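J.: To be precise about what I am sending: the file is called my_file.cif and holds mmCIF, C-alpha atoms.
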data_coords
loop_
_atom_site.label_atom_id
_atom_site.label_comp_id
_atom_site.auth_asym_id
_atom_site.auth_seq_id
_atom_site.Cartn_x
_atom_site.Cartn_y
_atom_site.Cartn_z
CA ASP T 181 -21.01 13.82 -3.92
CA VAL T 182 -18.04 11.67 -2.89
CA VAL T 183 -17.48 8.89 -5.40
CA MET T 184 -16.16 5.65 -3.93
CA THR T 185 -14.27 3.55 -6.48
CA GLN T 186 -13.91 -0.04 -5.32
CA THR T 187 -11.78 -2.70 -7.04
CA PRO T 188 -11.82 -5.44 -8.07
CA PRO T 189 -15.53 -6.05 -8.72
CA SER T 190 -15.07 -9.73 -8.01
CA LEU T 191 -12.57 -12.17 -6.57
CA SER T 192 -12.32 -15.96 -6.57
CA VAL T 193 -10.00 -17.33 -3.92
CA ALA T 194 -9.12 -20.64 -2.33
CA ILE T 195 -9.56 -21.28 1.36
CA GLY T 196 -6.47 -20.14 3.24
CA GLN T 197 -5.41 -17.54 0.67
CA SER T 198 -5.16 -13.83 1.40
CA VAL T 199 -6.90 -11.10 -0.58
CA SER T 200 -7.02 -7.32 -0.71
CA ILE T 201 -9.78 -4.98 -1.82
CA SER T 202 -9.11 -1.37 -2.75
CA CYS T 203 -11.37 1.63 -2.19
CA LYS T 204 -10.51 5.11 -3.45
CA SER T 205 -12.57 8.21 -2.73
CA SER T 206 -12.89 11.32 -4.89
CA GLN T 207 -12.33 13.56 -1.85
CA SER T 208 -10.42 13.29 1.39
CA LEU T 209 -12.42 11.44 4.04
CA VAL T 210 -10.79 13.25 6.97
CA TYR T 211 -13.50 14.99 8.98
CA SER T 212 -13.08 18.27 10.84
CA ASP T 213 -12.49 16.33 14.06
CA GLY T 214 -9.40 14.73 12.50
CA LYS T 215 -10.99 11.29 12.21
CA THR T 216 -11.52 9.39 8.96
CA TYR T 217 -14.98 7.87 8.63
CA LEU T 218 -14.28 5.07 6.17
CA HIS T 219 -15.87 1.72 6.94
CA TRP T 220 -15.97 -1.78 5.45
CA LEU T 221 -19.13 -3.87 5.34
CA LEU T 222 -19.82 -7.48 4.39
CA GLN T 223 -23.16 -8.60 3.01
CA SER T 224 -23.33 -12.38 3.15
CA PRO T 225 -25.81 -14.03 0.74
CA GLY T 226 -29.41 -13.30 1.75
CA ARG T 227 -28.34 -11.28 4.78
CA SER T 228 -28.24 -7.63 5.74
CA PRO T 229 -24.85 -5.89 5.75
CA LYS T 230 -22.54 -6.25 8.72
CA ARG T 231 -19.82 -3.77 9.67
CA LEU T 232 -16.35 -5.33 9.68
CA ILE T 233 -14.07 -2.32 10.04
CA TYR T 234 -14.83 1.23 11.18
CA GLN T 235 -12.77 4.39 10.87
CA VAL T 236 -10.27 2.78 8.49
CA SER T 237 -8.67 0.23 10.78
CA ASN T 238 -10.81 -0.55 13.85
CA LEU T 239 -12.18 -4.07 14.03
CA GLY T 240 -15.92 -4.31 14.58
CA SER T 241 -17.40 -6.25 17.47
CA GLY T 242 -16.91 -9.99 17.06
CA VAL T 243 -14.99 -9.65 13.79
CA PRO T 244 -12.02 -12.02 13.54
CA ASP T 245 -8.57 -10.48 13.32
CA ARG T 246 -8.07 -12.05 9.89
CA PHE T 247 -9.67 -8.83 8.70
CA SER T 248 -7.62 -5.65 8.67
CA GLY T 249 -8.01 -2.17 7.22
CA THR T 250 -5.41 0.38 6.23
CA GLY T 251 -5.22 3.67 4.42
CA SER T 252 -5.60 7.40 4.73
CA GLN T 253 -7.09 10.47 3.06
CA LYS T 254 -8.46 9.00 -0.21
CA ASP T 255 -6.91 5.54 -0.52
CA PHE T 256 -7.99 2.54 1.56
CA THR T 257 -7.52 -1.22 1.59
CA LEU T 258 -9.27 -4.14 3.23
CA LYS T 259 -7.16 -7.27 3.66
CA ILE T 260 -8.48 -10.70 4.49
CA SER T 261 -5.82 -13.10 5.64
CA ARG T 262 -6.45 -16.85 5.47
CA VAL T 263 -9.86 -16.68 3.78
CA GLU T 264 -12.50 -19.00 5.21
CA ALA T 265 -15.70 -20.30 3.60
CA GLU T 266 -17.85 -17.99 5.74
CA ASP T 267 -16.13 -14.94 4.19
CA LEU T 268 -18.03 -15.24 0.93
CA GLY T 269 -20.34 -12.39 0.01
CA VAL T 270 -20.16 -8.81 -1.19
CA TYR T 271 -17.80 -6.36 0.47
CA TYR T 272 -18.58 -2.64 0.44
CA CYS T 273 -16.59 0.36 1.51
CA ALA T 274 -18.66 3.25 2.85
CA GLN T 275 -17.92 6.82 3.88
CA THR T 276 -19.81 8.71 6.59
CA THR T 277 -17.61 11.82 6.53
CA HIS T 278 -19.62 13.79 3.97
CA PHE T 279 -23.33 13.97 3.22
CA PRO T 280 -24.70 12.39 1.12
CA LEU T 281 -23.18 9.19 2.46
CA THR T 282 -21.86 6.99 -0.32
CA PHE T 283 -20.84 3.40 -0.85
CA GLY T 284 -18.47 1.60 -3.16
CA SER T 285 -20.07 -0.57 -5.82
CA GLY T 286 -19.06 -3.75 -4.04
CA THR T 287 -16.58 -6.62 -4.42
CA LYS T 288 -18.06 -10.09 -4.71
CA LEU T 289 -15.87 -12.70 -3.03
CA GLU T 290 -16.33 -16.26 -4.19
CA ILE T 291 -14.63 -19.34 -2.80
CA LYS T 292 -12.90 -21.62 -5.31
CA VAL C 135 -28.76 -5.18 19.97
CA GLN C 136 -31.67 -5.57 17.64
CA LEU C 137 -33.20 -3.45 14.90
CA VAL C 138 -36.45 -4.72 13.39
CA GLU C 139 -38.01 -3.03 10.37
CA SER C 140 -41.66 -3.33 9.40
CA GLY C 141 -44.23 -1.67 7.16
CA GLY C 142 -43.03 -2.68 3.73
CA GLY C 143 -45.29 -4.04 1.04
CA LEU C 144 -46.70 -3.60 -2.45
CA VAL C 145 -47.91 -0.08 -3.22
CA GLN C 146 -49.02 1.70 -6.39
CA PRO C 147 -47.01 4.55 -7.90
CA GLY C 148 -47.90 7.88 -6.33
CA LYS C 149 -49.11 6.31 -3.10
CA SER C 150 -47.62 6.42 0.40
CA LEU C 151 -46.15 4.02 2.93
CA LYS C 152 -44.68 4.36 6.41
CA LEU C 153 -41.81 2.18 7.57
CA SER C 154 -40.87 1.57 11.19
CA CYS C 155 -37.66 0.38 12.82
CA SER C 156 -37.93 -0.84 16.40
CA ALA C 157 -34.67 -0.70 18.36
CA SER C 158 -33.57 -2.57 21.47
CA GLY C 159 -30.37 -3.42 23.32
CA PHE C 160 -28.75 -0.01 23.10
CA THR C 161 -29.49 3.58 24.11
CA PHE C 162 -31.51 4.49 21.02
CA SER C 163 -31.99 8.13 22.01
CA SER C 164 -28.21 8.71 21.97
CA TYR C 165 -27.67 7.44 18.43
CA GLY C 166 -28.06 9.04 15.05
CA MET C 167 -29.87 6.66 12.70
CA HIS C 168 -29.95 6.04 8.95
CA TRP C 169 -32.26 4.56 6.36
CA ILE C 170 -30.41 2.79 3.54
CA ARG C 171 -31.99 0.96 0.63
CA GLN C 172 -30.94 -1.72 -1.82
CA ALA C 173 -32.74 -2.19 -5.11
CA PRO C 174 -33.04 -5.83 -6.27
CA GLY C 175 -29.60 -7.12 -7.28
CA LYS C 176 -27.98 -3.72 -6.74
CA GLY C 177 -25.69 -2.04 -4.24
CA LEU C 178 -26.37 0.05 -1.16
CA ASP C 179 -27.95 3.50 -1.45
CA TRP C 180 -28.14 5.90 1.47
CA VAL C 181 -31.59 7.50 1.90
CA ALA C 182 -31.76 9.65 5.02
CA TYR C 183 -30.23 10.39 8.43
CA ILE C 184 -31.63 11.71 11.70
CA SER C 185 -29.38 12.82 14.52
CA SER C 186 -29.96 12.15 18.21
CA SER C 187 -31.36 15.69 18.41
CA SER C 188 -33.65 15.05 15.40
CA GLY C 189 -31.74 17.04 12.80
CA THR C 190 -32.32 15.47 9.37
CA VAL C 191 -30.47 15.04 6.07
CA TYR C 192 -31.82 13.48 2.87
CA ALA C 193 -30.51 12.10 -0.39
CA ASP C 194 -31.48 14.28 -3.34
CA ALA C 195 -33.49 11.43 -4.88
CA VAL C 196 -35.95 11.41 -1.97
CA LYS C 197 -35.86 15.00 -0.73
CA GLY C 198 -39.36 16.44 -0.53
CA ARG C 199 -40.96 12.97 -0.79
CA PHE C 200 -39.60 11.03 2.19
CA THR C 201 -39.56 12.09 5.86
CA ILE C 202 -37.40 10.50 8.54
CA SER C 203 -38.47 10.84 12.17
CA ARG C 204 -37.96 9.19 15.53
CA ASP C 205 -39.84 8.56 18.77
CA ASN C 206 -37.28 8.06 21.51
CA ALA C 207 -39.97 7.13 24.05
CA LYS C 208 -40.88 4.19 21.83
CA ASN C 209 -37.30 3.44 20.67
CA THR C 210 -38.58 3.62 17.12
CA LEU C 211 -37.33 5.14 13.89
CA TYR C 212 -39.70 5.96 11.04
CA LEU C 213 -39.57 6.67 7.32
CA GLN C 214 -42.63 8.18 5.65
CA LEU C 215 -42.54 7.51 1.92
CA ASN C 216 -44.82 9.71 -0.23
CA SER C 217 -45.27 10.06 -4.00
CA LEU C 218 -43.64 6.68 -4.51
CA LYS C 219 -42.01 5.84 -7.83
CA SER C 220 -41.06 2.50 -9.36
CA GLU C 221 -37.40 3.35 -8.78
CA ASP C 222 -38.07 3.40 -5.00
CA THR C 223 -38.54 -0.39 -5.12
CA ALA C 224 -35.93 -1.78 -2.73
CA ILE C 225 -35.21 -3.43 0.57
CA TYR C 226 -35.11 -0.65 3.17
CA TYR C 227 -32.70 -1.09 6.07
CA CYS C 228 -32.38 0.98 9.20
CA ALA C 229 -28.85 1.28 10.55
CA SER C 230 -27.22 3.07 13.44
CA ARG C 231 -24.61 5.81 13.24
CA SER C 232 -21.42 4.57 11.55
CA PHE C 233 -23.34 1.44 10.48
CA ALA C 234 -22.56 -0.49 13.67
CA TYR C 235 -26.03 -2.07 13.78
CA TRP C 236 -28.38 -3.05 10.92
CA GLY C 237 -31.88 -4.40 10.74
CA GLN C 238 -32.97 -7.31 8.55
CA GLY C 239 -34.70 -4.97 6.09
CA THR C 240 -38.24 -4.56 4.79
CA LEU C 241 -39.16 -4.84 1.11
CA VAL C 242 -41.01 -2.00 -0.60
CA THR C 243 -42.36 -2.76 -4.07
CA VAL C 244 -43.83 0.09 -6.10
CA SER C 245 -45.87 -1.25 -8.98
CA SER C 246 -49.29 -0.88 -10.55
#
Please render this file's structure as structure tokens.
T.:
Amino acid sequence: DVVMTQTPPSLSVAIGQSVSISCKSSQSLVYSDGKTYLHWLLQSPGRSPKRLIYQVSNLGSGVPDRFSGTGSQKDFTLKISRVEAEDLGVYYCAQTTHFPLTFGSGTKLEIK
Amino acid sequence: VQLVESGGGLVQPGKSLKLSCSASGFTFSSYGMHWIRQAPGKGLDWVAYISSSSGTVYADAVKGRFTISRDNAKNTLYLQLNSLKSEDTAIYYCASRSFAYWGQGTLVTVSS
């Protein structure tokens, strides 16, 4: 199984600051079609997860451009510029390249 | 787009339950679909996948006990849960291919 190692486990940031979350996979996430199926999800408190970023760097529908994703092969980063209060919650990276699908353990973002 | 799960509840160990996920607002028959679960206070755990052509893949933890299926005429995804164990206690979410769309989840509690 592909192990997704996500860091840090938690973050506390002030409104307006920028933050980055790292996600490293135990295997390359490049699929046979050449695409990389690494996604970022946000689970706000009491809500179901929502996809923010798909295939490393593509912004999901309705997601503000304060969110950005970078990376390749086994090393990926989610950056949130100018954090807002609504950004609090748990962020997960997820890979859909290899079965079984796997998720990072999550990064809890708190607002100072 | 809307995904609405139903069928969760309290069930005794060893018993069965069938979950449903009703889809609307997109061409359900063209999408692969997942079931993902989240134990109380824990992270996300992929359970099963069914392709648009009804090919299936399961997590090892549920293989032989759970069955994913779909009825494209009814725009509905199903998960049959048999031989339930206490460790199957979780919120069960349905989600579309690449996690673009998620339901609100349905809680399954396995306890005597």
J.: As a PyMOL selection string, please: the residues near Val210 of chain T (cut-off 12 Å, all atoms listed in the file, same-chain neighbours under 5 positions excluded).
T.: chain T and resi 205+215-218+235-236+251-255+275-278
J.: Can you translate the PyMOL selection byres ((chain C) within 12 of (chain T)) into the concrete residues it hits in this file, as a ChimeraX atom specification?
T.: /C:135,137-139,166-172,174-183,190-197,225-240
J.: Please determine, counting all atoms listed in the file, which residue among C:Ala157, C:Leu144, C:Val244, C:Ala173 has the shortest atom-to-atom distance to Leu211 of chain C.
T.: C:Ala157
J.: Quick one, how far is atom CA of Ser261 of chain T from atom CA of Lys204 of chain T?
T.: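 One can read the atom CA of Ser261 of chain T to atom CA of Lys204 of chain T distance as 20.9 Å.
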J.: Near Gly143 of chain C, counting all atoms listed in the file, which residues have an atom at most 7 Å away, once you skip same-chain residues fewer than 4 positions from it, shown as a list in words?
T.: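 The residues satisfying every condition are Leu241, Val242 and Thr243 of chain C.
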J.: Using the chain letters and numbers from the file, give me the residues hit by the PyMOL selection byres ((chain T and resi 263) around 8), as a CSV table (one decimal) with C-alpha atoms, keeping the file's coordinate frame.
T.:
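Saved result, selection03.csv, follows:
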chain,number,residue,atom,x,y,z
T,193,VAL,CA,-10.0,-17.3,-3.9
T,194,ALA,CA,-9.1,-20.6,-2.3
T,195,ILE,CA,-9.6,-21.3,1.4
T,196,GLY,CA,-6.5,-20.1,3.2
T,197,GLN,CA,-5.4,-17.5,0.7
T,198,SER,CA,-5.2,-13.8,1.4
T,199,VAL,CA,-6.9,-11.1,-0.6
T,246,ARG,CA,-8.1,-12.0,9.9
T,260,ILE,CA,-8.5,-10.7,4.5
T,261,SER,CA,-5.8,-13.1,5.6
T,262,ARG,CA,-6.4,-16.8,5.5
T,264,GLU,CA,-12.5,-19.0,5.2
T,265,ALA,CA,-15.7,-20.3,3.6
T,267,ASP,CA,-16.1,-14.9,4.2
J.: Could you check how far atom CA of Ser186 of chain C sits from atom CA of Leu213 of chain C, in Å to one decimal?
T.: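 According to the coordinates, atom CA of Ser186 of chain C and atom CA of Leu213 of chain C are separated by 15.5 Å.
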J.: Counting only C-alpha atoms, which residue out of T:Ile291, T:Val182, T:Leu209, T:Leu268 sits closest to Leu222 of chain T?
T.: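 Smallest distance to Leu222 of chain T is found for T:Leu268.
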J.: Run the PyMOL selection byres ((chain C and resi 217) around 10) against the file shown and list the residues it catches, as a list in words.
T.: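 Written out, the selection comes to Gln146, Pro147, Gly148, Lys149, Ser150, Leu151, Val196, Gly198, Arg199, Phe200, Leu215, Asn216, Leu218, Lys219 and Asp222 of chain C.
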J.: Hey, can you check how far atom CA of Phe247 of chain T sits from atom CA of Gly159 of chain C?
T.: 25.9 Å
J.: Here is a test: counting all atoms listed in the file, which residue of T:Ser208, T:Met184, T:Gln223, T:Cys273 is nearest to Leu289 of chain T?
T.: T:Gln223
J.: Nearest residue to Ser163 of chain C out of C:Gln136, C:Thr201, C:Ser245, C:Ser185, using all atoms listed in the file?
T.: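 Of the candidates, the smallest distance to Ser163 of chain C is held by C:Ser185.
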